[in-house]
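Novice: I'd like to ask some things about the structure below.
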Amino acid sequence: MKYVRWNGATLALLVSSIIFSTSCSKQLSPSQPIYKRYELNATVAEDSTVLAIYTPYKKKLESSMNEVIGYSPVYLTKGSTAETLMGNFFCDALLAMGKKIDPEVQLSFGTKGGIRTEIKKGDVTVGHVFEVMPFENSLTILTLSGEQILNLANFIAKTGGQPIAGMRMEIKADKAQRIELAGQPLDLSKSYKLVTYDYLANGGDNLNALNNPLKRADFPEKVRESLMTYIKELTKNKQPINTQLDGRVKIID
Amino acid sequence: MEELKSLTRRNFIKKTAAFSALAAFSGSPLTALAARESIKLTILHTNDVHSRIEPFPMDGGRYQGLAGVARRSTLINQIRAQEEHVLLVDAGDMFQGTPYFNLFEGKLELDLMSKLGYEAGTFGNHEFDNGLTGLAKHLSHANFPFLTSNYDFTGTLLAGKTKEYTIIRKGGLKIGLFGLGIDINGLVDPNSFKGMKYLDPLPIANRLAKELKEKHRCDLVICLSHLGYSYKDDKISDLVLAAKSAHIDFIIGGHTHTFLPEPTKVVNLQGKDTYVNQVGFGGINLGRIDITFDPKSGKKQIMASTHEINNSIEATKLA
């Protein structure tokens, strides 16, 4: 019993000394930091206990993602140029699918930031399309006035070019000019139907040009599903993804 | 009495454990001695891993064959075996970018981060991609806190599920951490964060950093930030934050996927150095910062910094 009490007292003493030393301690000052950046490449072995956690998920995922749905003979790249192969592909697909829902749809619009990755030359799988468009966004068709199309074109100009289809334009000094739809110059007195997706129609990417459309119709079809349908249809018609750069958005010095 | 007995019994067990811990360390008294002179902290960090569970596929892409959470685990374990005081943190956008997120909604990412021993994280804009409901759904899979100092979740599903700041102790060091998120208006569908309030990060950073340094007497203050490294305009970024704040030692950043070859040194409001770092995205890199703390004077300070070891030594001696 004596032993126990002695022990307790010691402990109390210790605790108080720790508190004392902590409260009286000066803060420490750090030295110049030394920095190192490791690249995680094949020289680093994989931790088998981590592999064991994700392998069941990987198997499940692979069975659904590895299905080949098409072929791209070129590397569809993104980038900071006014017009990109990836942007053209994305908007061509969006326009084709939008027209299926409403044949009056004339143009499509996306943003560079919304297209998340590139499509490399070769087989295109379900997984690739997921990486291009991982978001759960769905198609929206907006009816816009000619004036609103002009605003959109100016947004595209100001941001150095954005993905479009069904419209051609030039950018000069951050302003849009020579805007053409279906071979005709933009008519400010007319209205146009544009297909995009809900995120952008809701004002995403700080886009205000699509606010207050004359009409808005939301559809349940996801952008990702639309891209897949577009690729599958090309494949069915024995066509590869035949995206080209065609000068739809040009910067004029 | 019964209670006292069990209490003392517990103490006894504690001491036995302390004794065996001492025995385990007895081969390296130099470690303890060295720690009296200085303490080394190793901070390991990632940002914008974007559901990159496996390495980038071998498809001709720029980053093919790089990254992978199983490799990161090996590397972290190696460093932990070499260094006594390791802190592992993430600066947000853990989610979105591979089908792992689309299919499993972030559960796997959080399970793996917990397994790797992350000690704190913050929310990037993509954490909201499945809405607050989606984010709340698997959050319990993280065994570490998320620091969201400038997101007010009051009245939402996430209320009380994140922290404003945390203090982590390593070998007697007190490390204060808080987290800042980007203004998600315009980045995330408004329906995906309905009810959450974005608060101006700068005053919050200054209040918390001061509190952590002065009130909580932290030896080091780290801000986990998803504000982005820098912008063309004067929008708040890590560089702006570093220059316009005081008391922050490190800003571990994300969002802009910036590959910094080394941390950027910024002179803060106090005229002291604040370091900003960011390591690209996808888990291609693991950042490591080693800081040595040199006690300026006095044994008390050393006691405090090594009190765990001292405690065990004293306790066994007296027992």
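Letters A, B, ... go to the chains of the structure tokens in the order shown; residues in each chain start at 1; ligands are counted from 1 in the same order.
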Show me, as a list in words, the residues of chain A whose atoms get within 6 Å of chain B, using only C-alpha atoms for the distance check.

Specialist: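 Applying the cut-off to the listed atoms yields Ser21, Thr22, Ser25, Gln27, Leu28, Ser29, Pro30, Ser31, Pro33, Ile34, Tyr35, Lys36, Arg37, Tyr38, Glu39, Leu40, Asn41, Val44, Ala45, Glu46, Asp47, Val50, Glu131, Tyr199, Gly204, Asp205 and Asn206 of chain A.
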
Novice: Could you save those same residues with C-alpha atoms as a short mmCIF file (atom, residue, chain, number, x, y, z; two decimals), in the first residue's frame?

Specialist:
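Output file result-v4.cif is given in full below:
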data_model
loop_
_atom_site.label_atom_id
_atom_site.label_comp_id
_atom_site.auth_asym_id
_atom_site.auth_seq_id
_atom_site.Cartn_x
_atom_site.Cartn_y
_atom_site.Cartn_z
CA SER A 21 8.30 22.45 -17.85
CA THR A 22 5.87 22.80 -20.72
CA SER A 25 9.31 26.36 -22.00
CA GLN A 27 8.94 28.26 -28.07
CA LEU A 28 11.49 26.78 -30.36
CA SER A 29 12.62 28.49 -33.48
CA PRO A 30 12.96 26.50 -36.66
CA SER A 31 16.13 26.37 -38.68
CA PRO A 33 14.24 24.14 -43.85
CA ILE A 34 15.85 21.52 -46.02
CA TYR A 35 13.69 20.50 -48.90
CA LYS A 36 13.45 17.37 -50.94
CA ARG A 37 10.96 16.34 -53.60
CA TYR A 38 10.56 12.66 -54.32
CA GLU A 39 9.30 11.46 -57.65
CA LEU A 40 7.20 8.36 -57.30
CA ASN A 41 8.40 6.28 -60.21
CA VAL A 44 9.80 2.72 -55.53
CA ALA A 45 8.34 -0.67 -54.64
CA GLU A 46 4.61 -0.96 -54.13
CA ASP A 47 3.40 -1.62 -50.61
CA VAL A 50 -1.93 -1.07 -49.82
CA GLU A 131 -11.27 10.73 -67.25
CA TYR A 199 -22.72 23.28 -64.70
CA GLY A 204 -19.86 27.65 -63.45
CA ASP A 205 -16.34 28.70 -64.44
CA ASN A 206 -17.38 32.30 -63.71
#

Novice: DSSP on the backbone, alpha helix (DSSP H) only: what residues of stretch 133-241 of chain B does that give? Format it as a list in words.

Specialist: Thr133, Gly134, Leu135, Ala136, Lys137, His138, Pro201, Leu202, Pro203, Ile204, Ala205, Asn206, Arg207, Leu208, Ala209, Lys210, Asp238, Leu239, Val240 and Leu241 of chain B

Novice: Go ahead and write the residues just picked, C-alpha atoms, as a PDB file, in the first residue's frame.

Specialist:
ATOM      1  CA  THR B 133     -24.317  14.759 -49.208  1.00  0.00           C
ATOM      2  CA  GLY B 134     -21.664  12.948 -51.229  1.00  0.00           C
ATOM      3  CA  LEU B 135     -18.887  14.422 -49.134  1.00  0.00           C
ATOM      4  CA  ALA B 136     -20.549  13.580 -45.838  1.00  0.00           C
ATOM      5  CA  LYS B 137     -21.363  10.032 -46.957  1.00  0.00           C
ATOM      6  CA  HIS B 138     -17.874   8.551 -46.616  1.00  0.00           C
ATOM      7  CA  PRO B 201      -9.432  33.545 -45.777  1.00  0.00           C
ATOM      8  CA  LEU B 202      -7.016  36.347 -44.887  1.00  0.00           C
ATOM      9  CA  PRO B 203      -8.497  37.616 -41.585  1.00  0.00           C
ATOM     10  CA  ILE B 204      -9.162  34.025 -40.524  1.00  0.00           C
ATOM     11  CA  ALA B 205      -5.584  33.023 -41.290  1.00  0.00           C
ATOM     12  CA  ASN B 206      -4.219  35.935 -39.323  1.00  0.00           C
ATOM     13  CA  ARG B 207      -6.459  35.274 -36.332  1.00  0.00           C
ATOM     14  CA  LEU B 208      -5.736  31.537 -36.202  1.00  0.00           C
ATOM     15  CA  ALA B 209      -2.002  31.796 -36.837  1.00  0.00           C
ATOM     16  CA  LYS B 210      -1.669  34.373 -34.045  1.00  0.00           C
ATOM     17  CA  ASP B 238      -0.670  31.302 -51.274  1.00  0.00           C
ATOM     18  CA  LEU B 239       1.833  33.991 -52.235  1.00  0.00           C
ATOM     19  CA  VAL B 240      -0.592  36.783 -51.343  1.00  0.00           C
ATOM     20  CA  LEU B 241      -1.505  35.044 -48.088  1.00  0.00           C
TER      21      LEU B 241
END

Novice: For A:Gln239, find every residue with an atom within 12 Å (counting only C-alpha atoms), except residues of its own chain fewer than 4 positions away, and show them as a list in words.

Specialist: Ile69, Gly70, Tyr71, Ser72, Pro73, Tyr230, Ile231, Lys232, Glu233, Leu234, Thr235 and Thr243 of chain A

Novice: Can you write out the residues you just picked, keeping C-alpha atoms, as a compact mmCIF listing (two decimals), in the first residue's frame?

Specialist:
# COMPACT_ATOMS: atom_id res chain seq x y z
CA ILE A 69 -15.53 1.72 -77.64
CA GLY A 70 -13.56 3.45 -80.40
CA TYR A 71 -10.26 4.42 -81.93
CA SER A 72 -8.41 7.72 -82.33
CA PRO A 73 -5.77 7.88 -85.07
CA TYR A 230 -20.92 9.64 -80.11
CA ILE A 231 -17.77 7.46 -80.15
CA LYS A 232 -19.77 4.23 -80.28
CA GLU A 233 -21.76 5.50 -83.25
CA LEU A 234 -18.59 6.39 -85.13
CA THR A 235 -17.27 2.90 -84.43
CA THR A 243 -11.34 15.33 -85.25

Novice: Using only C-alpha atoms, determine which residues lie at most 8 Å from B:Val221, disregarding the query and same-chain residues fewer than 4 positions distant; provide the list as a PDB file with C-alpha atoms, in the first residue's frame.

Specialist:
ATOM      1  CA  ILE B 175       2.642  22.047 -34.363  1.00  0.00           C
ATOM      2  CA  GLY B 176      -0.435  24.149 -35.071  1.00  0.00           C
ATOM      3  CA  LEU B 177      -2.312  23.507 -38.301  1.00  0.00           C
ATOM      4  CA  ALA B 209      -2.002  31.796 -36.837  1.00  0.00           C
ATOM      5  CA  LEU B 212      -1.687  29.138 -32.471  1.00  0.00           C
ATOM      6  CA  LYS B 213       1.630  30.928 -32.032  1.00  0.00           C
ATOM      7  CA  HIS B 247       2.910  33.834 -37.723  1.00  0.00           C
ATOM      8  CA  ILE B 248       2.575  31.262 -40.519  1.00  0.00           C
ATOM      9  CA  ASP B 249       5.754  29.251 -41.036  1.00  0.00           C
ATOM     10  CA  PHE B 250       4.634  27.018 -43.879  1.00  0.00           C
TER      11      PHE B 250
END

Novice: For a test of reading the model, state the distance in Å between atom CA of B:His141 and atom CA of B:Thr162, rounded to one decimal.

Specialist: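 Distance reported for this atom pair: 13.2 Å.
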
Novice: Using only C-alpha atoms, which of the listed residues (A:Ala173, A:Met65, A:Leu85, A:Ile119) sits closest to A:Ala157?

Specialist: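 Using only C-alpha atoms, A:Ala157 sits closest to A:Ala173.
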